[in-house]
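Have a look at the structure below before the remarks.
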Amino acid sequence: MIETLNGIIETVNFKKSTTLKLYDNVQYESYPAHWHPAIEIIMPLENSYLLNFPNRSVELRENDICFICPGCIHSITAPPTGRRIIFQPNTTQLRFMREVEVLLSVMYPYTIVTPEEFPGIHAQVRDLLIDIKDEYMSGDTFAEMHIYSKLLEMLVLVGRNHARNYEDSMDEKMKTQDELVIKFTEICDYINTHCSEELKLDTIAGMSGFSKFHFERLFKQFTGTSFYKYVNQKRIIKAQEMLIEPNNTVTDVAVSCGFSSISSFIRMFKIHKGCTPSEFKNMYWRVDLQRNKNAAMS
């Protein structure tokens, strides 16, 4: 359930003295379009669950596990009956680790772990999420520490699975796979940090030591998307966070996030978020103002 929604931003009300929230949810309740700074992990235990993203709807089956990355706009349609785990840990304090930040970028906007697509790790991830639920409900001492250790274990499984798939896609003659994973992790980290600056493919390819064309192929295999799409993805995430500040105009945000023109910013934002920057900003403030008006009248 959503307890606090400001415009389209959910403020997660963490369990007292923790930075964790978990629901063993059986409610017939659908949730409107929203996003939050915390990652969200959802697994239906009984019946399915429909997740709606700007460009796609996904039906989770029982035991499918969806990682919704921070900043991803989504809505949820619940069936008349069912049960699901909804887990929202605050991952902000974990993102000082370069690998966590890069993994969330690679998983963005969401990743679904199913038995068919992740046969080597699905059962482990599912069991870890069940363990997290049991630990959360137990109230034992050091439960938060234990839960975060299991969350990191889940992320390690997903990250290593991704790295293995990347290695398997390489040519046999390129068997310095660990070095490649490290190299492209460093490149993604650099892009994440400098995404608001002018980033040219030739320059970043030069950092890798590969030709532009070879770099493009390897980068897409590692991240699942092209170099420029990845850069724009990071810029849009930053723009989304800036747009909710009342003093930031769309023009200010476009310039601050590294877009060469307002038109390219608007076009790219709509592709990623399903609405224009102005519509996003107005949607947030219109709902927030209405809520304040209703509070004043009550």
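Labels used: A, B, ... for chains in the order of the structure tokens, numbers from 1 for residues in each chain, and numbers from 1 for ligands as shown.
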
Item checked: Long-range neighbours of region 113-116 of chain A as JSON, numbers by chain, 10 Å cut-off, only C-alpha atoms, 6 positions minimum in chain -> {"A": [43, 60, 61, 62, 63, 64, 65, 66, 67, 122, 123, 125, 126, 158]}

Write the residues of the preceding selection, restricted to N, CA and C atoms, as a PDB file, in the first residue's frame.
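Output file selection-v3.pdb is given in full below:
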```
ATOM      1  N   MET A  43       7.173  -9.698  -5.336  1.00  0.00           N
ATOM      2  CA  MET A  43       7.006 -11.097  -5.734  1.00  0.00           C
ATOM      3  C   MET A  43       5.610 -11.579  -5.348  1.00  0.00           C
ATOM      4  N   LEU A  60       3.223 -10.168 -13.567  1.00  0.00           N
ATOM      5  CA  LEU A  60       4.051 -11.066 -12.769  1.00  0.00           C
ATOM      6  C   LEU A  60       3.247 -12.293 -12.389  1.00  0.00           C
ATOM      7  N   ARG A  61       3.821 -13.441 -12.602  1.00  0.00           N
ATOM      8  CA  ARG A  61       3.210 -14.686 -12.158  1.00  0.00           C
ATOM      9  C   ARG A  61       3.671 -14.987 -10.740  1.00  0.00           C
ATOM     10  N   GLU A  62       3.071 -15.985 -10.129  1.00  0.00           N
ATOM     11  CA  GLU A  62       3.522 -16.394  -8.804  1.00  0.00           C
ATOM     12  C   GLU A  62       5.014 -16.747  -8.854  1.00  0.00           C
ATOM     13  N   ASN A  63       5.754 -16.183  -7.917  1.00  0.00           N
ATOM     14  CA  ASN A  63       7.194 -16.417  -7.740  1.00  0.00           C
ATOM     15  C   ASN A  63       8.078 -15.686  -8.749  1.00  0.00           C
ATOM     16  N   ASP A  64       7.506 -14.927  -9.692  1.00  0.00           N
ATOM     17  CA  ASP A  64       8.322 -14.010 -10.478  1.00  0.00           C
ATOM     18  C   ASP A  64       8.730 -12.855  -9.567  1.00  0.00           C
ATOM     19  N   ILE A  65       9.935 -12.370  -9.738  1.00  0.00           N
ATOM     20  CA  ILE A  65      10.465 -11.324  -8.845  1.00  0.00           C
ATOM     21  C   ILE A  65      10.846 -10.111  -9.681  1.00  0.00           C
ATOM     22  N   CYS A  66      10.246  -8.978  -9.383  1.00  0.00           N
ATOM     23  CA  CYS A  66      10.518  -7.757 -10.139  1.00  0.00           C
ATOM     24  C   CYS A  66      11.282  -6.767  -9.262  1.00  0.00           C
ATOM     25  N   PHE A  67      12.421  -6.318  -9.775  1.00  0.00           N
ATOM     26  CA  PHE A  67      13.193  -5.246  -9.149  1.00  0.00           C
ATOM     27  C   PHE A  67      12.857  -3.954  -9.897  1.00  0.00           C
ATOM     28  N   HIS A 122      17.210 -17.993  -9.859  1.00  0.00           N
ATOM     29  CA  HIS A 122      15.851 -17.641  -9.459  1.00  0.00           C
ATOM     30  C   HIS A 122      15.484 -18.206  -8.091  1.00  0.00           C
ATOM     31  N   ALA A 123      15.742 -19.495  -7.885  1.00  0.00           N
ATOM     32  CA  ALA A 123      15.351 -20.131  -6.619  1.00  0.00           C
ATOM     33  C   ALA A 123      16.080 -19.485  -5.441  1.00  0.00           C
ATOM     34  N   VAL A 125      17.248 -16.329  -5.281  1.00  0.00           N
ATOM     35  CA  VAL A 125      16.708 -14.985  -5.060  1.00  0.00           C
ATOM     36  C   VAL A 125      15.366 -15.070  -4.357  1.00  0.00           C
ATOM     37  N   ARG A 126      14.530 -16.025  -4.798  1.00  0.00           N
ATOM     38  CA  ARG A 126      13.223 -16.203  -4.159  1.00  0.00           C
ATOM     39  C   ARG A 126      13.383 -16.557  -2.676  1.00  0.00           C
ATOM     40  N   VAL A 158      22.271 -11.276  -8.966  1.00  0.00           N
ATOM     41  CA  VAL A 158      21.826 -10.679 -10.226  1.00  0.00           C
ATOM     42  C   VAL A 158      23.014 -10.104 -10.995  1.00  0.00           C
TER      43      VAL A 158
END
```

Checklist line | Residue contacts of Gln233 (chain A) (9 Å, only C-alpha atoms) excluding same-chain residues fewer than 5 positions away, as a ChimeraX atom specification | finding: /A:105,108,228,238,268-269,272

Next item on the list: Grab the CA of Lys133 (chain A) to CA of Ile147 (chain A) distance for me, in Å with one decimal place.
Entry: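 Rounded to one decimal, the two atoms are 8.7 Å apart.
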
Notebook entry, point to check: Which residues come within 12 Å of region 193-195 of chain A, counting only C-alpha atoms, excluding same-chain residues fewer than 3 positions away, as a PyMOL selection string?
Noted result: chain A and resi 96+98+101-102+105+186-190+198-200+204+227-239+255-259

Check: Which value, in Å to one decimal, gives the distance between CA of Lys281 (chain A) and CA of Pro37 (chain A)?
Finding: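 It comes out at 16.8 Å.
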
Next item on the list: Might you pull out every residue within 12 Å of Cys275 (chain A), with only C-alpha atoms counted and same-chain residues fewer than 4 positions away left off, and present them as a list in words?
Entry: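 The neighbour list is Ala33, Phe53, Pro54, Asn55, Ile73, Gln240, Phe265, Ile266, Arg267, Met268, Phe269, Lys270, Ile271, Glu279, Phe280, Lys281, Asn282 and Met283 of chain A.
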
I need the residues from that last selection saved to file as a PDB file, in the first residue's frame (with N, CA and C atoms), if you can.
```pdb
ATOM      1  N   ALA A  33       0.114   5.964 -10.960  1.00  0.00           N
ATOM      2  CA  ALA A  33       1.496   6.187 -11.392  1.00  0.00           C
ATOM      3  C   ALA A  33       2.271   6.933 -10.305  1.00  0.00           C
ATOM      4  N   PHE A  53       4.344   0.169 -16.751  1.00  0.00           N
ATOM      5  CA  PHE A  53       5.434   1.111 -16.936  1.00  0.00           C
ATOM      6  C   PHE A  53       5.091   2.014 -18.127  1.00  0.00           C
ATOM      7  N   PRO A  54       5.811   3.129 -18.317  1.00  0.00           N
ATOM      8  CA  PRO A  54       5.445   4.063 -19.390  1.00  0.00           C
ATOM      9  C   PRO A  54       5.285   3.433 -20.767  1.00  0.00           C
ATOM     10  N   ASN A  55       6.100   2.435 -21.079  1.00  0.00           N
ATOM     11  CA  ASN A  55       6.053   1.870 -22.426  1.00  0.00           C
ATOM     12  C   ASN A  55       5.662   0.393 -22.464  1.00  0.00           C
ATOM     13  N   ILE A  73       8.979   5.359 -12.995  1.00  0.00           N
ATOM     14  CA  ILE A  73       7.543   5.600 -12.853  1.00  0.00           C
ATOM     15  C   ILE A  73       6.791   4.305 -13.176  1.00  0.00           C
ATOM     16  N   GLN A 240      14.470  14.245 -13.763  1.00  0.00           N
ATOM     17  CA  GLN A 240      13.244  13.944 -13.018  1.00  0.00           C
ATOM     18  C   GLN A 240      13.340  14.465 -11.591  1.00  0.00           C
ATOM     19  N   PHE A 265      15.544  17.467 -25.254  1.00  0.00           N
ATOM     20  CA  PHE A 265      15.214  17.102 -23.873  1.00  0.00           C
ATOM     21  C   PHE A 265      13.764  16.648 -23.763  1.00  0.00           C
ATOM     22  N   ILE A 266      12.848  17.421 -24.351  1.00  0.00           N
ATOM     23  CA  ILE A 266      11.428  17.078 -24.285  1.00  0.00           C
ATOM     24  C   ILE A 266      11.170  15.731 -24.955  1.00  0.00           C
ATOM     25  N   ARG A 267      11.770  15.549 -26.127  1.00  0.00           N
ATOM     26  CA  ARG A 267      11.569  14.298 -26.863  1.00  0.00           C
ATOM     27  C   ARG A 267      12.093  13.099 -26.066  1.00  0.00           C
ATOM     28  N   MET A 268      13.285  13.242 -25.509  1.00  0.00           N
ATOM     29  CA  MET A 268      13.885  12.130 -24.778  1.00  0.00           C
ATOM     30  C   MET A 268      13.126  11.851 -23.484  1.00  0.00           C
ATOM     31  N   PHE A 269      12.680  12.895 -22.805  1.00  0.00           N
ATOM     32  CA  PHE A 269      11.936  12.711 -21.553  1.00  0.00           C
ATOM     33  C   PHE A 269      10.642  11.949 -21.815  1.00  0.00           C
ATOM     34  N   LYS A 270       9.977  12.300 -22.900  1.00  0.00           N
ATOM     35  CA  LYS A 270       8.703  11.633 -23.220  1.00  0.00           C
ATOM     36  C   LYS A 270       8.927  10.166 -23.565  1.00  0.00           C
ATOM     37  N   ILE A 271      10.030   9.865 -24.220  1.00  0.00           N
ATOM     38  CA  ILE A 271      10.340   8.477 -24.553  1.00  0.00           C
ATOM     39  C   ILE A 271      10.524   7.658 -23.282  1.00  0.00           C
ATOM     40  N   GLU A 279       4.495  18.384 -18.380  1.00  0.00           N
ATOM     41  CA  GLU A 279       3.393  17.569 -17.875  1.00  0.00           C
ATOM     42  C   GLU A 279       3.790  16.880 -16.572  1.00  0.00           C
ATOM     43  N   PHE A 280       5.025  16.399 -16.509  1.00  0.00           N
ATOM     44  CA  PHE A 280       5.523  15.755 -15.299  1.00  0.00           C
ATOM     45  C   PHE A 280       5.533  16.740 -14.142  1.00  0.00           C
ATOM     46  N   LYS A 281       6.054  17.941 -14.385  1.00  0.00           N
ATOM     47  CA  LYS A 281       6.142  18.956 -13.340  1.00  0.00           C
ATOM     48  C   LYS A 281       4.747  19.390 -12.883  1.00  0.00           C
ATOM     49  N   ASN A 282       3.859  19.627 -13.853  1.00  0.00           N
ATOM     50  CA  ASN A 282       2.495  20.056 -13.521  1.00  0.00           C
ATOM     51  C   ASN A 282       1.731  18.964 -12.781  1.00  0.00           C
ATOM     52  N   MET A 283       1.965  17.707 -13.179  1.00  0.00           N
ATOM     53  CA  MET A 283       1.297  16.585 -12.521  1.00  0.00           C
ATOM     54  C   MET A 283       1.689  16.532 -11.053  1.00  0.00           C
TER      55      MET A 283
END
```

Next item on the list: Name the residues of region 1-234 of chain A that come out as helix (DSSP H, G or I) in a backbone DSSP run; write them as a ChimeraX atom specification.
Entry: /A:92-94,98-107,122-138,143-168,177-194,201-208,212-223,227-234

Could the residues in this selection be saved with C-alpha atoms as a CSV table (one decimal), in the first residue's frame?
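Resulting contents of selection-v5.csv:
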```csv
chain,number,residue,atom,x,y,z
A,92,THR,CA,20.8,5.3,-1.1
A,93,GLN,CA,23.4,4.4,1.5
A,94,LEU,CA,24.6,1.4,-0.5
A,98,ARG,CA,30.4,1.6,-7.4
A,99,GLU,CA,29.2,-1.8,-8.3
A,100,VAL,CA,25.8,-1.2,-6.7
A,101,GLU,CA,25.3,2.1,-8.6
A,102,VAL,CA,26.4,0.5,-11.9
A,103,LEU,CA,24.2,-2.6,-11.4
A,104,LEU,CA,21.1,-0.4,-10.7
A,105,SER,CA,21.9,1.4,-13.9
A,106,VAL,CA,22.1,-1.8,-15.9
A,107,MET,CA,18.9,-3.1,-14.3
A,122,HIS,CA,15.9,-17.6,-9.5
A,123,ALA,CA,15.4,-20.1,-6.6
A,124,GLN,CA,18.1,-18.5,-4.6
A,125,VAL,CA,16.7,-15.0,-5.1
A,126,ARG,CA,13.2,-16.2,-4.2
A,127,ASP,CA,14.5,-17.9,-1.0
A,128,LEU,CA,16.4,-14.8,0.0
A,129,LEU,CA,13.3,-12.6,-0.4
A,130,ILE,CA,11.3,-15.1,1.8
A,131,ASP,CA,14.1,-15.0,4.4
A,132,ILE,CA,13.9,-11.2,4.3
A,133,LYS,CA,10.2,-11.3,4.9
A,134,ASP,CA,10.5,-13.7,7.8
A,135,GLU,CA,13.4,-11.7,9.4
A,136,TYR,CA,11.4,-8.4,9.0
A,137,MET,CA,8.4,-9.9,10.7
A,138,SER,CA,10.4,-11.5,13.5
A,143,ALA,CA,17.3,-7.8,11.9
A,144,GLU,CA,18.0,-4.7,9.8
A,145,MET,CA,21.7,-5.7,9.4
A,146,HIS,CA,20.7,-9.2,8.5
A,147,ILE,CA,18.2,-8.1,6.0
A,148,TYR,CA,20.6,-5.8,4.2
A,149,SER,CA,23.2,-8.6,4.0
A,150,LYS,CA,20.5,-10.7,2.2
A,151,LEU,CA,19.6,-7.8,0.0
A,152,LEU,CA,23.3,-7.4,-1.0
A,153,GLU,CA,23.4,-11.2,-1.6
A,154,MET,CA,20.5,-10.9,-4.0
A,155,LEU,CA,22.1,-8.0,-5.9
A,156,VAL,CA,25.4,-10.0,-6.1
A,157,LEU,CA,23.5,-12.9,-7.6
A,158,VAL,CA,21.8,-10.7,-10.2
A,159,GLY,CA,25.1,-8.8,-10.9
A,160,ARG,CA,27.2,-12.0,-11.4
A,161,ASN,CA,24.5,-13.5,-13.5
A,162,HIS,CA,24.6,-10.5,-15.7
A,163,ALA,CA,28.4,-10.6,-15.8
A,164,ARG,CA,28.4,-14.3,-16.8
A,165,ASN,CA,25.9,-13.6,-19.6
A,166,TYR,CA,28.2,-10.9,-20.8
A,167,GLU,CA,31.2,-13.1,-20.7
A,168,ASP,CA,29.3,-15.9,-22.6
A,177,GLN,CA,36.5,-11.6,-19.4
A,178,ASP,CA,37.1,-10.4,-15.8
A,179,GLU,CA,39.1,-7.5,-17.1
A,180,LEU,CA,36.3,-6.5,-19.5
A,181,VAL,CA,33.7,-6.6,-16.7
A,182,ILE,CA,35.9,-4.4,-14.5
A,183,LYS,CA,36.7,-2.0,-17.4
A,184,PHE,CA,33.0,-1.5,-18.4
A,185,THR,CA,32.0,-1.2,-14.7
A,186,GLU,CA,34.5,1.7,-14.5
A,187,ILE,CA,33.2,3.3,-17.7
A,188,CYS,CA,29.6,3.1,-16.5
A,189,ASP,CA,30.7,4.6,-13.2
A,190,TYR,CA,32.4,7.5,-15.1
A,191,ILE,CA,29.2,8.1,-17.2
A,192,ASN,CA,27.0,8.1,-14.1
A,193,THR,CA,29.2,10.7,-12.5
A,194,HIS,CA,29.6,12.9,-15.6
A,201,LEU,CA,31.4,8.3,-28.0
A,202,ASP,CA,34.9,8.7,-29.5
A,203,THR,CA,36.2,10.0,-26.1
A,204,ILE,CA,34.7,7.3,-24.0
A,205,ALA,CA,35.7,4.6,-26.5
A,206,GLY,CA,39.3,5.9,-26.2
A,207,MET,CA,39.1,5.4,-22.4
A,208,SER,CA,38.3,1.8,-23.0
A,212,LYS,CA,34.6,3.2,-31.5
A,213,PHE,CA,32.8,0.4,-33.3
A,214,HIS,CA,34.2,-2.4,-31.1
A,215,PHE,CA,33.4,-0.3,-28.0
A,216,GLU,CA,29.8,0.2,-29.1
A,217,ARG,CA,29.3,-3.5,-29.5
A,218,LEU,CA,30.9,-4.4,-26.1
A,219,PHE,CA,29.1,-1.6,-24.3
A,220,LYS,CA,25.7,-2.7,-25.6
A,221,GLN,CA,26.4,-6.3,-24.6
A,222,PHE,CA,27.3,-5.1,-21.1
A,223,THR,CA,24.5,-2.7,-20.4
A,227,PHE,CA,26.0,4.2,-25.4
A,228,TYR,CA,23.9,7.3,-26.1
A,229,LYS,CA,20.7,5.7,-24.8
A,230,TYR,CA,22.5,4.9,-21.6
A,231,VAL,CA,23.8,8.5,-21.2
A,232,ASN,CA,20.3,9.8,-21.9
A,233,GLN,CA,18.8,7.4,-19.3
A,234,LYS,CA,21.1,8.8,-16.6
```

Next item on the list: Determine which residues of region 47-288 of chain A DSSP labels as strand (DSSP E) from the backbone of this structure, then write them out as an NGL selection string.
Entry: :A and (49-53 or 56-60 or 65-68 or 74-77 or 83-89 or 110-113)

Checklist line | CA of Ile41 (chain A) to CA of Phe14 (chain A), distance in Å rounded to a single decimal | finding: 14.7 Å

Notebook entry, point to check: Excluding same-chain residues fewer than 5 positions from Tyr31 (chain A), what lies within 7 Å of it counting only C-alpha atoms, as a ChimeraX atom specification?
Noted result: /A:75-77

Could those selected residues go to a file with N, CA and C atoms, as a PDB file, in the first residue's frame?
```
ATOM      1  N   SER A  75       2.770   2.094 -12.247  1.00  0.00           N
ATOM      2  CA  SER A  75       1.506   1.931 -11.531  1.00  0.00           C
ATOM      3  C   SER A  75       1.252   0.439 -11.397  1.00  0.00           C
ATOM      4  N   ILE A  76       0.309   0.068 -10.514  1.00  0.00           N
ATOM      5  CA  ILE A  76       0.069  -1.336 -10.224  1.00  0.00           C
ATOM      6  C   ILE A  76      -1.427  -1.616 -10.246  1.00  0.00           C
ATOM      7  N   THR A  77      -1.789  -2.696 -10.924  1.00  0.00           N
ATOM      8  CA  THR A  77      -3.179  -3.144 -10.962  1.00  0.00           C
ATOM      9  C   THR A  77      -3.272  -4.478 -10.235  1.00  0.00           C
TER      10      THR A  77
END
```
